[in-house]
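**Student:** Take this structure first; my questions come after.
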There are 2 protein chains.
Amino acid sequence: MIKIVLLGAGNVATHLYKGFKKANTVNVVQWYNRNLKSIETYKNEVKITDNVNNLIEADVYIIAVNDDAIPELSSTLPFENRLVVHTSGSARLYDIDQKLYRGVFYPLQTFSKAVDLDFTTVPICIETLRKKDFKLLETLGQSLGCVTYKVNPKQRPALHLAAVFVNNFTNQIYRIAHEITEKQGAEFDILKPLITETARKVQEVSPYIAQTGPAKRNDKKTIKRHLKLLDNPDQEAIYKLMTESIKKTHGH
Amino acid sequence: MIKIVLLGAGNVATHLYKGFKKANTVNVVQWYNRNLKSIETYKNEVKITDNVNNLIEADVYIIAVNDDAIPELSSTLPFENRLVVHTSGSARLYDIDQKLYRGVFYPLQTFSKAVDLDFTTVPICIETLRKKDFKLLETLGQSLGCVTYKVNPKQRPALHLAAVFVNNFTNQIYRIAHEITEKQGAEFDILKPLITETARKVQEVSPYIAQTGPAKRNDKKTIKRHLKLLDNPDQEAIYKLMTESIKKTHGH
Ligand SMILES: NC(=O)c1ccc[n+]([C@@H]2O[C@H](COP(=O)([O-])OP(=O)(O)OC[C@H]3O[C@@H](n4cnc5c(N)ncnc54)[C@H](OP(=O)(O)O)[C@@H]3O)[C@@H](O)[C@H]2O)c1
Ligand SMILES: NC(=O)c1ccc[n+]([C@@H]2O[C@H](COP(=O)([O-])OP(=O)(O)OC[C@H]3O[C@@H](n4cnc5c(N)ncnc54)[C@H](OP(=O)(O)O)[C@@H]3O)[C@@H](O)[C@H]2O)c1
C-alpha cells in the first residue's frame, strides 16, 4: 500500500484524490489545503488539514498547487529526506526544496474540477533524481490506470509547450472558426464532425501525412478568396501565418 | 429510386460511389471520368464512360472534380434543364452552366481515397435554386446516413473557410507540436490523448468556455519561458500571435 499526502485542492488535486480513492494499492492518508473550505466535504473519508506542521508520514507528498507556490510550500514542509513531487509541466524539479527527495508527476491532460475524467486517457510524465523514486511514481501512475513515461528536464518543458499548442492554440483555432461561422449565420455544429476527424486522423498517421487543403496545394485562388472573406485583421494575420507555415512544411 | 450519374473519380467521387452503392433508394446508373483508368475496376458493377456525349438520363448529375474544372465540364454537358450539382465548399453555384438546374452538395468532411469513411460523420451542406431540387438532395444525403443542412451563398464559403481553420490549421498546429517534441527527443505520442480530449471538449461546450492555459490566465512568466524554448522564428511567430489572440478573446 502506497501512502500519499495530497497538497492543494484545485483541479488536479481533486481529480487525483478521486482517482486514488478507486485504486486498491494506494491510500491517501491526508489532504492539505491552505484553506479547509474546498476539502471540508471530504473530511469523513480522509484526514484534512490546513497546517503543514500537522502533516503525517507518507511515502510520497504530491504538491498540486500553482506553479509559483511550489518553492515556498515545499520549503515550509517540516521534514526532510522524504519524497515530494509536484504535478507541473513547466516548474523545475529543483523548485522543490533540496532538503527533500524531489520528483515530478506531471499528468499531461487538461483537468477541470467540473468535468469527469477518465485516467486511462492521462499520460503521466515522471522525473526523479533517484531510481527508486521513479519506480514508486511509476507504480502510482499505473494504479490510476495511466500510461507512464520517464522524461528528462529537457523533454518535460518541450512537452508542456507542445501541449499548449495542441490544446490552447487548437482551441483558439476552434474559437475563430466559431466566430467566422456565427458571423455568416452558419452553425458551428456543422464543423464538429470535422474537428473530431482531424484529431482522430493524427492518432494513426503523422500530422505531416494527414495534411490537405489549399495551403498544402498552394491553391492561390482559394487562398485569395478566403483572405477576402476575412475582414477581421487578427483572423487574417493568423490565416496568413498558418498558410505560410503549411507551405513551408510542404515545400512551396 | 433516385438515379445518379457521378462525374469525376477522385477522393469524393469514389467515397460517394461506395456510399450510394450501400443505399437502398439510390442507383448510380453511370460513372464518368475524363480517363477510364481510375474507374475501370468498377466496370462490372456500373456503366463507365470517358465521353460526356454518352451520358445517360438521371435525376441528378454529381460533379466531383477540381473546383477549377467545374465551369468547363458543366458547359460541355450535352443536355439542359437537368439537375447538376457540384461538391465544392468554395466554388459558386453559378459556376455550373446556366442551361442546367443548379445545386451544391457539399460534404463538409475530409476525404481520402485510401481512408475508410463513415458517412454518418459527414454533414452535407445543400444549396439549390429550386425547392424541389433541395428536397431531392436532402433525400440523397439522408440515403447515405448523413445529416443535411440547408445553406445559402454566404454561409457555405464561411463554412469552407472555417473548415480550413479547424482542419488544415489545427493539423499544422499538431505538426509544430510534433517538431517541438521531436527536437527534445520526447514522444509525440504522449500528446495524442490531449489532442483527442481537446476535440472532444468542444463537442459539448463552446471553445470560449473550453479555453485554459497560460495565455488565458495571462501568465507572463510561463509565456516568457515558452518563448525562450522556441528557437524557430516561425514557431515563435505563431506562438506570439495565438497567445495574443487568446488574450484578446479573454479580455486581457
Ligand atoms: N489544470 C490542468 O489542466 C493541469 C494539468 C497538468 C498539470 N497542472 C499543474 O497542476 C498544478 C495545479 O494546477 P490546478 O489546475 O489544479 O490549479 P488550481 O485549480 O488553480 O488550484 C490551485 C491550488 O493551489 C493552491 N494554492 C495556490 N497558491 C498557494 C499558496 N501560495 N500556498 C498554498 N497553496 C496554494 C490553491 O489553494 P486555494 O484552494 O486556497 O485557492 C488551490 O488549491 C499546477 O502546477 C499546474 O501547472 C494542471
Ligand atoms: N477531398 C476532400 O476532402 C473534399 C471535401 C469536400 C469537398 N471536396 C470537393 O470535391 C471536389 C473533388 O475533390 P477531390 O478531393 O475528390 O479531388 P481529386 O481527388 O483531386 O479528384 C479530382 C477529379 O477531378 C478530375 N478532373 C480534374 N480536372 C478535370 C477536368 N479539367 N475535366 C474533367 N475532370 C477533371 C480528376 O480526373 P483524373 O482522375 O483524370 O485526374 C479526378 O477524377 C472538389 O470540388 C473539392 O473542392 C473535396
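Scheme for the C-alpha cells: letters A, B, ... for chains in order shown; per-chain residue numbers from 1; ligand numbers from 1 in order shown.
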Residues of chain A were defined as contacting chain B if any atom lay at most 7 Å from it, counting only C-alpha atoms; please report them as a tab-separated table (two decimals) with all heavy atoms, in the first residue's frame.
**Tutor:**
```tsv
chain	number	residue	atom	x	y	z
A	109	GLN	N	-2.59	16.26	-19.44
A	109	GLN	CA	-4.00	16.25	-19.85
A	109	GLN	C	-4.63	17.52	-19.32
A	109	GLN	O	-4.01	18.21	-18.50
A	109	GLN	CB	-4.68	14.98	-19.30
A	109	GLN	CG	-6.07	14.68	-19.79
A	109	GLN	CD	-6.29	14.75	-21.28
A	109	GLN	OE1	-6.46	15.84	-21.82
A	109	GLN	NE2	-6.32	13.62	-21.97
A	121	THR	N	-6.91	7.94	-20.02
A	121	THR	CA	-6.51	8.85	-21.10
A	121	THR	C	-5.49	9.88	-20.61
A	121	THR	O	-5.28	10.89	-21.27
A	121	THR	CB	-7.73	9.62	-21.66
A	121	THR	OG1	-8.18	10.56	-20.66
A	121	THR	CG2	-8.87	8.70	-22.03
A	122	VAL	N	-4.89	9.63	-19.45
A	122	VAL	CA	-3.93	10.59	-18.91
A	122	VAL	C	-2.51	10.00	-18.92
A	122	VAL	O	-2.23	9.09	-18.14
A	122	VAL	CB	-4.31	10.99	-17.47
A	122	VAL	CG1	-3.30	12.00	-16.93
A	122	VAL	CG2	-5.71	11.56	-17.42
A	123	PRO	N	-1.64	10.49	-19.78
A	123	PRO	CA	-0.25	10.04	-19.72
A	123	PRO	C	0.44	10.77	-18.57
A	123	PRO	O	0.23	11.96	-18.37
A	123	PRO	CB	0.35	10.51	-21.05
A	123	PRO	CG	-0.78	11.11	-21.83
A	123	PRO	CD	-1.87	11.44	-20.87
A	154	LYS	N	14.79	18.27	-20.15
A	154	LYS	CA	14.61	18.95	-21.44
A	154	LYS	C	13.28	18.55	-22.08
A	154	LYS	O	12.62	19.34	-22.74
A	154	LYS	CB	15.74	18.55	-22.42
A	154	LYS	CG	17.08	19.13	-22.04
A	154	LYS	CD	17.95	19.27	-23.27
A	154	LYS	CE	18.70	20.59	-23.20
A	154	LYS	NZ	19.37	20.94	-24.43
A	155	GLN	N	12.91	17.29	-21.90
A	155	GLN	CA	11.71	16.78	-22.55
A	155	GLN	C	10.43	17.35	-21.93
A	155	GLN	O	9.49	17.67	-22.65
A	155	GLN	CB	11.67	15.25	-22.46
A	155	GLN	CG	12.73	14.58	-23.33
A	155	GLN	CD	12.93	13.12	-22.98
A	155	GLN	OE1	12.68	12.67	-21.87
A	155	GLN	NE2	13.40	12.36	-23.97
A	158	ALA	N	9.43	20.79	-23.09
A	158	ALA	CA	9.06	20.71	-24.50
A	158	ALA	C	7.65	20.12	-24.63
A	158	ALA	O	6.83	20.59	-25.43
A	158	ALA	CB	10.07	19.86	-25.28
A	159	LEU	N	7.36	19.11	-23.82
A	159	LEU	CA	6.02	18.51	-23.86
A	159	LEU	C	4.97	19.51	-23.38
A	159	LEU	O	3.88	19.59	-23.95
A	159	LEU	CB	5.99	17.25	-22.98
A	159	LEU	CG	6.66	16.02	-23.60
A	159	LEU	CD1	6.94	14.97	-22.54
A	159	LEU	CD2	5.78	15.44	-24.71
A	161	LEU	N	5.14	22.78	-23.58
A	161	LEU	CA	4.99	23.77	-24.65
A	161	LEU	C	4.16	23.19	-25.80
A	161	LEU	O	3.23	23.84	-26.31
A	161	LEU	CB	6.39	24.18	-25.13
A	161	LEU	CG	6.48	25.08	-26.37
A	161	LEU	CD1	5.70	26.37	-26.17
A	161	LEU	CD2	7.95	25.40	-26.67
A	162	ALA	N	4.47	21.96	-26.18
A	162	ALA	CA	3.71	21.31	-27.26
A	162	ALA	C	2.25	21.14	-26.85
A	162	ALA	O	1.33	21.25	-27.68
A	162	ALA	CB	4.34	19.97	-27.60
A	163	ALA	N	2.02	20.91	-25.57
A	163	ALA	CA	0.65	20.77	-25.07
A	163	ALA	C	-0.12	22.07	-25.18
A	163	ALA	O	-1.33	22.07	-25.47
A	163	ALA	CB	0.66	20.28	-23.61
A	165	PHE	N	0.34	24.20	-27.55
A	165	PHE	CA	-0.05	24.25	-28.96
A	165	PHE	C	-1.29	23.38	-29.21
A	165	PHE	O	-2.30	23.88	-29.70
A	165	PHE	CB	1.11	23.79	-29.86
A	165	PHE	CG	2.08	24.89	-30.22
A	165	PHE	CD1	3.11	25.26	-29.35
A	165	PHE	CD2	1.99	25.57	-31.42
A	165	PHE	CE1	4.00	26.29	-29.67
A	165	PHE	CE2	2.86	26.59	-31.76
A	165	PHE	CZ	3.88	26.95	-30.88
A	166	VAL	N	-1.22	22.10	-28.89
A	166	VAL	CA	-2.32	21.21	-29.29
A	166	VAL	C	-3.58	21.43	-28.48
A	166	VAL	O	-4.68	21.07	-28.93
A	166	VAL	CB	-1.93	19.70	-29.26
A	166	VAL	CG1	-0.71	19.43	-30.11
A	166	VAL	CG2	-1.75	19.17	-27.85
A	167	ASN	N	-3.46	22.03	-27.31
A	167	ASN	CA	-4.66	22.28	-26.52
A	167	ASN	C	-5.11	23.74	-26.65
A	167	ASN	O	-6.12	24.02	-27.29
A	167	ASN	CB	-4.41	21.88	-25.06
A	167	ASN	CG	-5.63	22.08	-24.17
A	167	ASN	OD1	-6.71	22.45	-24.62
A	167	ASN	ND2	-5.47	21.83	-22.90
A	168	ASN	N	-4.36	24.68	-26.13
A	168	ASN	CA	-4.82	26.08	-26.11
A	168	ASN	C	-4.92	26.68	-27.51
A	168	ASN	O	-5.90	27.34	-27.84
A	168	ASN	CB	-3.88	26.94	-25.27
A	168	ASN	CG	-3.67	26.41	-23.86
A	168	ASN	OD1	-2.66	26.68	-23.24
A	168	ASN	ND2	-4.60	25.62	-23.34
A	169	PHE	N	-3.88	26.46	-28.32
A	169	PHE	CA	-3.89	27.10	-29.65
A	169	PHE	C	-4.93	26.45	-30.56
A	169	PHE	O	-5.66	27.13	-31.28
A	169	PHE	CB	-2.49	27.06	-30.28
A	169	PHE	CG	-1.48	27.91	-29.54
A	169	PHE	CD1	-0.13	27.90	-29.90
A	169	PHE	CD2	-1.85	28.72	-28.47
A	169	PHE	CE1	0.80	28.68	-29.22
A	169	PHE	CE2	-0.92	29.50	-27.78
A	169	PHE	CZ	0.42	29.47	-28.16
A	170	THR	N	-5.00	25.14	-30.51
A	170	THR	CA	-6.05	24.45	-31.28
A	170	THR	C	-7.42	24.95	-30.86
A	170	THR	O	-8.27	25.25	-31.71
A	170	THR	CB	-5.95	22.94	-31.07
A	170	THR	OG1	-4.74	22.47	-31.68
A	170	THR	CG2	-7.13	22.21	-31.67
A	171	ASN	N	-7.62	25.08	-29.58
A	171	ASN	CA	-8.91	25.53	-29.09
A	171	ASN	C	-9.22	26.96	-29.56
A	171	ASN	O	-10.37	27.28	-29.88
A	171	ASN	CB	-8.93	25.46	-27.56
A	171	ASN	CG	-10.31	25.60	-27.01
A	171	ASN	OD1	-11.15	24.73	-27.18
A	171	ASN	ND2	-10.57	26.75	-26.39
A	172	GLN	N	-8.20	27.79	-29.66
A	172	GLN	CA	-8.41	29.14	-30.16
A	172	GLN	C	-8.73	29.12	-31.67
A	172	GLN	O	-9.54	29.92	-32.15
A	172	GLN	CB	-7.18	30.02	-29.88
A	172	GLN	CG	-7.32	31.49	-30.31
A	172	GLN	CD	-8.38	32.25	-29.50
A	172	GLN	OE1	-8.99	31.72	-28.58
A	172	GLN	NE2	-8.61	33.50	-29.87
A	173	ILE	N	-8.13	28.18	-32.38
A	173	ILE	CA	-8.48	27.98	-33.80
A	173	ILE	C	-9.97	27.62	-33.90
A	173	ILE	O	-10.70	28.15	-34.75
A	173	ILE	CB	-7.61	26.87	-34.42
A	173	ILE	CG1	-6.12	27.27	-34.44
A	173	ILE	CG2	-8.11	26.47	-35.79
A	173	ILE	CD1	-5.69	28.14	-35.57
A	174	TYR	N	-10.43	26.73	-33.03
A	174	TYR	CA	-11.86	26.38	-33.00
A	174	TYR	C	-12.68	27.65	-32.73
A	174	TYR	O	-13.75	27.86	-33.33
A	174	TYR	CB	-12.18	25.37	-31.89
A	174	TYR	CG	-11.51	24.02	-31.97
A	174	TYR	CD1	-11.41	23.22	-30.83
A	174	TYR	CD2	-10.99	23.51	-33.16
A	174	TYR	CE1	-10.81	21.97	-30.86
A	174	TYR	CE2	-10.38	22.26	-33.19
A	174	TYR	CZ	-10.30	21.50	-32.04
A	174	TYR	OH	-9.71	20.25	-32.06
A	175	ARG	N	-12.20	28.46	-31.80
A	175	ARG	CA	-12.91	29.69	-31.45
A	175	ARG	C	-13.07	30.61	-32.67
A	175	ARG	O	-14.13	31.17	-32.91
A	175	ARG	CB	-12.13	30.40	-30.34
A	175	ARG	CG	-12.48	31.85	-30.12
A	175	ARG	CD	-13.88	32.03	-29.53
A	175	ARG	NE	-14.28	33.42	-29.54
A	175	ARG	CZ	-15.42	33.88	-29.07
A	175	ARG	NH1	-16.31	33.07	-28.56
A	175	ARG	NH2	-15.72	35.14	-29.14
A	177	ALA	N	-13.02	29.72	-35.80
A	177	ALA	CA	-13.99	29.08	-36.69
A	177	ALA	C	-15.41	29.36	-36.23
A	177	ALA	O	-16.32	29.59	-37.04
A	177	ALA	CB	-13.72	27.57	-36.75
A	180	ILE	N	-16.23	32.90	-37.27
A	180	ILE	CA	-16.45	33.00	-38.72
A	180	ILE	C	-17.83	32.49	-39.11
A	180	ILE	O	-18.55	33.13	-39.88
A	180	ILE	CB	-15.35	32.23	-39.49
A	180	ILE	CG1	-14.00	32.93	-39.32
A	180	ILE	CG2	-15.71	32.08	-40.97
A	180	ILE	CD1	-12.82	32.12	-39.82
A	181	THR	N	-18.19	31.32	-38.57
A	181	THR	CA	-19.49	30.76	-38.93
A	181	THR	C	-20.62	31.63	-38.37
A	181	THR	O	-21.59	31.92	-39.07
A	181	THR	CB	-19.66	29.32	-38.41
A	181	THR	OG1	-19.25	29.25	-37.04
A	181	THR	CG2	-18.82	28.35	-39.22
A	184	GLN	N	-21.69	34.68	-40.34
A	184	GLN	CA	-22.50	34.49	-41.54
A	184	GLN	C	-23.78	33.72	-41.23
A	184	GLN	O	-24.44	33.21	-42.14
A	184	GLN	CB	-21.70	33.76	-42.63
A	184	GLN	CG	-20.45	34.48	-43.08
A	184	GLN	CD	-20.72	35.87	-43.67
A	184	GLN	OE1	-21.84	36.20	-44.04
A	184	GLN	NE2	-19.67	36.68	-43.76
A	185	GLY	N	-24.10	33.59	-39.97
A	185	GLY	CA	-25.32	32.88	-39.59
A	185	GLY	C	-25.28	31.39	-39.89
A	185	GLY	O	-26.31	30.76	-40.05
A	186	ALA	N	-24.08	30.83	-39.97
A	186	ALA	CA	-23.96	29.38	-40.18
A	186	ALA	C	-23.74	28.71	-38.83
A	186	ALA	O	-23.29	29.33	-37.88
A	186	ALA	CB	-22.82	29.08	-41.13
A	190	ILE	N	-21.95	22.27	-37.48
A	190	ILE	CA	-21.65	21.55	-38.73
A	190	ILE	C	-20.16	21.17	-38.78
A	190	ILE	O	-19.78	20.21	-39.43
A	190	ILE	CB	-22.03	22.41	-39.96
A	190	ILE	CG1	-23.49	22.88	-39.87
A	190	ILE	CG2	-21.80	21.65	-41.26
A	190	ILE	CD1	-23.94	23.73	-41.06
A	191	LEU	N	-19.32	21.93	-38.07
A	191	LEU	CA	-17.88	21.68	-38.09
A	191	LEU	C	-17.44	20.59	-37.12
A	191	LEU	O	-16.30	20.11	-37.19
A	191	LEU	CB	-17.12	22.96	-37.75
A	191	LEU	CG	-17.27	24.12	-38.74
A	191	LEU	CD1	-16.70	25.39	-38.13
A	191	LEU	CD2	-16.56	23.81	-40.05
A	192	LYS	N	-18.32	20.22	-36.20
A	192	LYS	CA	-17.89	19.33	-35.12
A	192	LYS	C	-17.37	17.95	-35.60
A	192	LYS	O	-16.35	17.47	-35.11
A	192	LYS	CB	-18.99	19.18	-34.08
A	192	LYS	CG	-19.15	20.46	-33.24
A	192	LYS	CD	-20.23	20.34	-32.19
A	192	LYS	CE	-20.28	21.60	-31.33
A	192	LYS	NZ	-21.40	21.57	-30.38
A	193	PRO	N	-18.05	17.33	-36.56
A	193	PRO	CA	-17.51	16.05	-37.03
A	193	PRO	C	-16.11	16.20	-37.66
A	193	PRO	O	-15.26	15.32	-37.51
A	193	PRO	CB	-18.53	15.59	-38.08
A	193	PRO	CG	-19.80	16.30	-37.72
A	193	PRO	CD	-19.37	17.62	-37.16
A	194	LEU	N	-15.87	17.33	-38.32
A	194	LEU	CA	-14.55	17.55	-38.93
A	194	LEU	C	-13.48	17.75	-37.85
A	194	LEU	O	-12.35	17.28	-37.98
A	194	LEU	CB	-14.60	18.76	-39.86
A	194	LEU	CG	-13.33	19.07	-40.64
A	194	LEU	CD1	-12.90	17.91	-41.52
A	194	LEU	CD2	-13.51	20.33	-41.49
A	195	ILE	N	-13.84	18.43	-36.78
A	195	ILE	CA	-12.93	18.60	-35.64
A	195	ILE	C	-12.54	17.24	-35.07
A	195	ILE	O	-11.38	16.94	-34.84
A	195	ILE	CB	-13.60	19.49	-34.56
A	195	ILE	CG1	-13.63	20.95	-35.04
A	195	ILE	CG2	-12.91	19.35	-33.21
A	195	ILE	CD1	-14.42	21.90	-34.13
A	196	THR	N	-13.54	16.38	-34.89
A	196	THR	CA	-13.29	15.03	-34.38
A	196	THR	C	-12.39	14.24	-35.31
A	196	THR	O	-11.42	13.60	-34.89
A	196	THR	CB	-14.63	14.27	-34.21
A	196	THR	OG1	-15.46	15.03	-33.33
A	196	THR	CG2	-14.41	12.88	-33.64
A	198	THR	N	-10.30	15.31	-37.60
A	198	THR	CA	-8.94	15.88	-37.69
A	198	THR	C	-8.08	15.38	-36.53
A	198	THR	O	-6.91	15.03	-36.71
A	198	THR	CB	-9.01	17.42	-37.68
A	198	THR	OG1	-9.88	17.84	-38.74
A	198	THR	CG2	-7.65	18.05	-37.88
A	199	ALA	N	-8.67	15.32	-35.34
A	199	ALA	CA	-7.95	14.82	-34.17
A	199	ALA	C	-7.73	13.30	-34.27
A	199	ALA	O	-6.69	12.78	-33.88
A	199	ALA	CB	-8.71	15.15	-32.89
A	200	ARG	N	-8.72	12.61	-34.83
A	200	ARG	CA	-8.64	11.14	-34.94
A	200	ARG	C	-7.54	10.71	-35.91
A	200	ARG	O	-6.80	9.76	-35.70
A	200	ARG	CB	-9.97	10.57	-35.40
A	200	ARG	CG	-10.16	9.07	-35.14
A	200	ARG	CD	-11.22	8.47	-36.02
A	200	ARG	NE	-10.95	8.67	-37.43
A	200	ARG	CZ	-10.05	8.00	-38.14
A	200	ARG	NH1	-9.32	7.06	-37.58
A	200	ARG	NH2	-9.84	8.28	-39.42
A	203	GLN	N	-4.01	10.29	-34.75
A	203	GLN	CA	-3.74	9.17	-33.84
A	203	GLN	C	-3.08	8.04	-34.63
A	203	GLN	O	-2.40	7.19	-34.07
A	203	GLN	CB	-5.04	8.63	-33.19
A	203	GLN	CG	-5.90	9.69	-32.53
A	203	GLN	CD	-5.31	10.32	-31.28
A	203	GLN	OE1	-4.74	9.63	-30.45
A	203	GLN	NE2	-5.44	11.65	-31.15
A	207	PRO	N	0.97	14.20	-38.48
A	207	PRO	CA	0.31	15.41	-38.99
A	207	PRO	C	0.84	15.81	-40.36
A	207	PRO	O	0.12	16.39	-41.17
A	207	PRO	CB	0.67	16.48	-37.95
A	207	PRO	CG	1.06	15.74	-36.72
A	207	PRO	CD	1.59	14.41	-37.16
A	208	TYR	N	2.08	15.47	-40.64
A	208	TYR	CA	2.64	15.78	-41.96
A	208	TYR	C	1.87	15.04	-43.05
A	208	TYR	O	1.43	15.62	-44.03
A	208	TYR	CB	4.13	15.40	-42.00
A	208	TYR	CG	4.77	15.73	-43.32
A	208	TYR	CD1	5.29	16.99	-43.56
A	208	TYR	CD2	4.83	14.79	-44.36
A	208	TYR	CE1	5.86	17.31	-44.78
A	208	TYR	CE2	5.39	15.10	-45.57
A	208	TYR	CZ	5.92	16.37	-45.78
A	208	TYR	OH	6.46	16.69	-47.00
A	211	GLN	N	-1.94	16.16	-43.64
A	211	GLN	CA	-2.29	17.49	-44.16
A	211	GLN	C	-2.93	17.45	-45.56
A	211	GLN	O	-2.58	16.62	-46.39
A	211	GLN	CB	-1.04	18.39	-44.18
A	211	GLN	CG	-1.34	19.88	-44.36
A	211	GLN	CD	-2.27	20.47	-43.31
A	211	GLN	OE1	-3.49	20.28	-43.37
A	211	GLN	NE2	-1.72	21.16	-42.33
A	212	THR	N	-3.90	18.32	-45.79
A	212	THR	CA	-4.56	18.51	-47.09
A	212	THR	C	-4.89	20.01	-47.21
A	212	THR	O	-4.48	20.79	-46.35
A	212	THR	CB	-5.89	17.74	-47.16
A	212	THR	OG1	-6.75	18.22	-46.12
A	212	THR	CG2	-5.71	16.24	-47.02
A	213	GLY	N	-5.62	20.37	-48.24
A	213	GLY	CA	-6.17	21.73	-48.30
A	213	GLY	C	-5.42	22.71	-49.18
A	213	GLY	O	-4.38	22.40	-49.76
A	226	HIS	N	-10.36	33.34	-49.64
A	226	HIS	CA	-10.50	33.27	-48.18
A	226	HIS	C	-10.07	34.57	-47.51
A	226	HIS	O	-10.75	35.06	-46.61
A	226	HIS	CB	-9.67	32.11	-47.62
A	226	HIS	CG	-10.32	30.77	-47.82
A	226	HIS	ND1	-9.65	29.58	-47.67
A	226	HIS	CD2	-11.59	30.43	-48.15
A	226	HIS	CE1	-10.47	28.57	-47.89
A	226	HIS	NE2	-11.64	29.06	-48.19
A	242	MET	N	-0.49	30.82	-40.71
A	242	MET	CA	-0.66	29.37	-40.76
A	242	MET	C	-0.50	28.85	-42.19
A	242	MET	O	0.06	27.77	-42.41
A	242	MET	CB	-2.04	28.96	-40.20
A	242	MET	CG	-2.25	29.23	-38.71
A	242	MET	SD	-0.95	28.60	-37.62
A	242	MET	CE	-1.00	26.86	-37.98
A	246	ILE	N	2.27	26.12	-43.36
A	246	ILE	CA	1.96	24.87	-44.09
A	246	ILE	C	2.75	24.82	-45.39
A	246	ILE	O	3.32	23.79	-45.76
A	246	ILE	CB	0.44	24.76	-44.38
A	246	ILE	CG1	-0.34	24.65	-43.06
A	246	ILE	CG2	0.15	23.56	-45.28
A	246	ILE	CD1	-1.87	24.73	-43.23
```
**Student:** Check every protein, DNA and RNA residue against ligand 2, keep those with an atom at most 7 Å away (counting only C-alpha atoms and all ligand atoms), and present them as an mmCIF file with C-alpha atoms, in the first residue's frame.
**Tutor:**
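Everything below was put into part-v3.cif:
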```cif
data_model
loop_
_atom_site.group_PDB
_atom_site.id
_atom_site.type_symbol
_atom_site.label_atom_id
_atom_site.label_comp_id
_atom_site.auth_asym_id
_atom_site.auth_seq_id
_atom_site.Cartn_x
_atom_site.Cartn_y
_atom_site.Cartn_z
ATOM 1 C CA GLY B 8 -15.016 12.543 -61.501
ATOM 2 C CA ALA B 9 -13.101 9.746 -59.822
ATOM 3 C CA GLY B 10 -11.143 11.379 -57.031
ATOM 4 C CA ASN B 11 -11.466 11.192 -53.255
ATOM 5 C CA VAL B 12 -15.009 12.494 -53.059
ATOM 6 C CA ALA B 13 -16.481 10.719 -56.098
ATOM 7 C CA ASN B 33 -14.217 10.263 -65.644
ATOM 8 C CA ARG B 34 -12.015 12.004 -68.252
ATOM 9 C CA ASN B 35 -9.804 8.947 -68.200
ATOM 10 C CA SER B 38 -9.334 5.186 -62.289
ATOM 11 C CA ALA B 64 -16.883 15.916 -58.070
ATOM 12 C CA VAL B 65 -13.876 17.298 -59.934
ATOM 13 C CA ASN B 66 -11.337 20.026 -59.122
ATOM 14 C CA ASP B 67 -13.046 23.337 -58.408
ATOM 15 C CA ALA B 69 -12.799 22.345 -63.824
ATOM 16 C CA LEU B 73 -17.169 20.380 -67.522
ATOM 17 C CA HIS B 86 -21.007 20.117 -57.555
ATOM 18 C CA THR B 87 -19.460 19.030 -54.242
ATOM 19 C CA SER B 88 -17.225 22.012 -53.580
ATOM 20 C CA GLY B 89 -17.179 24.164 -50.464
ATOM 21 C CA SER B 90 -15.876 27.203 -52.261
ATOM 22 C CA TYR B 106 -21.005 19.917 -50.235
ATOM 23 C CA PRO B 107 -19.853 17.213 -47.809
ATOM 24 C CA LEU B 108 -18.076 19.054 -45.007
ATOM 25 C CA GLN B 109 -15.518 16.430 -44.095
ATOM 26 C CA THR B 110 -12.035 15.372 -45.140
ATOM 27 C CA PHE B 111 -11.937 12.603 -47.774
ATOM 28 C CA SER B 112 -9.005 10.451 -48.800
#
```
**Student:** Would you list the contacts of region 21-26 of chain B as a list of chain:residue names, taking every protein, DNA or RNA residue within 9 Å and counting only C-alpha atoms, but skipping same-chain residues closer than 4 positions in sequence?
**Tutor:**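 These residues fall inside the cut-off: B:Met1, B:Ile2, B:Lys3, B:Ile4, B:Leu16, B:Tyr17, B:Leu140, B:Ser143, B:Leu144, B:Gly145.
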**Student:** Next, dump the selected residues to file, keeping only N, CA and C atoms, as a PDB file, in the first residue's frame.
**Tutor:**
```
ATOM      1  N   MET B   1     -36.678   5.276 -56.461  1.00  0.00           N
ATOM      2  CA  MET B   1     -35.232   5.113 -56.711  1.00  0.00           C
ATOM      3  C   MET B   1     -34.678   6.359 -57.393  1.00  0.00           C
ATOM      4  N   ILE B   2     -33.669   6.974 -56.764  1.00  0.00           N
ATOM      5  CA  ILE B   2     -33.037   8.157 -57.368  1.00  0.00           C
ATOM      6  C   ILE B   2     -31.877   7.699 -58.247  1.00  0.00           C
ATOM      7  N   LYS B   3     -31.946   8.132 -59.539  1.00  0.00           N
ATOM      8  CA  LYS B   3     -30.881   7.734 -60.467  1.00  0.00           C
ATOM      9  C   LYS B   3     -29.792   8.814 -60.507  1.00  0.00           C
ATOM     10  N   ILE B   4     -28.557   8.358 -60.334  1.00  0.00           N
ATOM     11  CA  ILE B   4     -27.436   9.294 -60.261  1.00  0.00           C
ATOM     12  C   ILE B   4     -26.392   8.986 -61.319  1.00  0.00           C
ATOM     13  N   LEU B  16     -18.365   8.692 -52.535  1.00  0.00           N
ATOM     14  CA  LEU B  16     -19.801   8.804 -52.834  1.00  0.00           C
ATOM     15  C   LEU B  16     -20.280   7.534 -53.533  1.00  0.00           C
ATOM     16  N   TYR B  17     -19.491   7.052 -54.481  1.00  0.00           N
ATOM     17  CA  TYR B  17     -19.897   5.840 -55.194  1.00  0.00           C
ATOM     18  C   TYR B  17     -20.135   4.689 -54.206  1.00  0.00           C
ATOM     19  N   LEU B 140     -31.181  12.414 -50.847  1.00  0.00           N
ATOM     20  CA  LEU B 140     -29.929  11.793 -51.267  1.00  0.00           C
ATOM     21  C   LEU B 140     -28.943  11.741 -50.097  1.00  0.00           C
ATOM     22  N   SER B 143     -29.982   9.258 -47.572  1.00  0.00           N
ATOM     23  CA  SER B 143     -29.787   7.875 -48.015  1.00  0.00           C
ATOM     24  C   SER B 143     -28.377   7.387 -47.684  1.00  0.00           C
ATOM     25  N   LEU B 144     -27.440   8.330 -47.544  1.00  0.00           N
ATOM     26  CA  LEU B 144     -26.065   7.978 -47.159  1.00  0.00           C
ATOM     27  C   LEU B 144     -25.914   7.891 -45.640  1.00  0.00           C
ATOM     28  N   GLY B 145     -26.949   8.324 -44.924  1.00  0.00           N
ATOM     29  CA  GLY B 145     -26.870   8.365 -43.462  1.00  0.00           C
ATOM     30  C   GLY B 145     -26.331   9.683 -42.945  1.00  0.00           C
TER      31      GLY B 145
END
```
**Student:** Would you work out the distance separating CA of Glu138 (chain B) from CA of Asp116 (chain B), expressed in Å to one decimal?
**Tutor:**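 Taking CA of Glu138 (chain B) and CA of Asp116 (chain B), their separation equals 23.1 Å.
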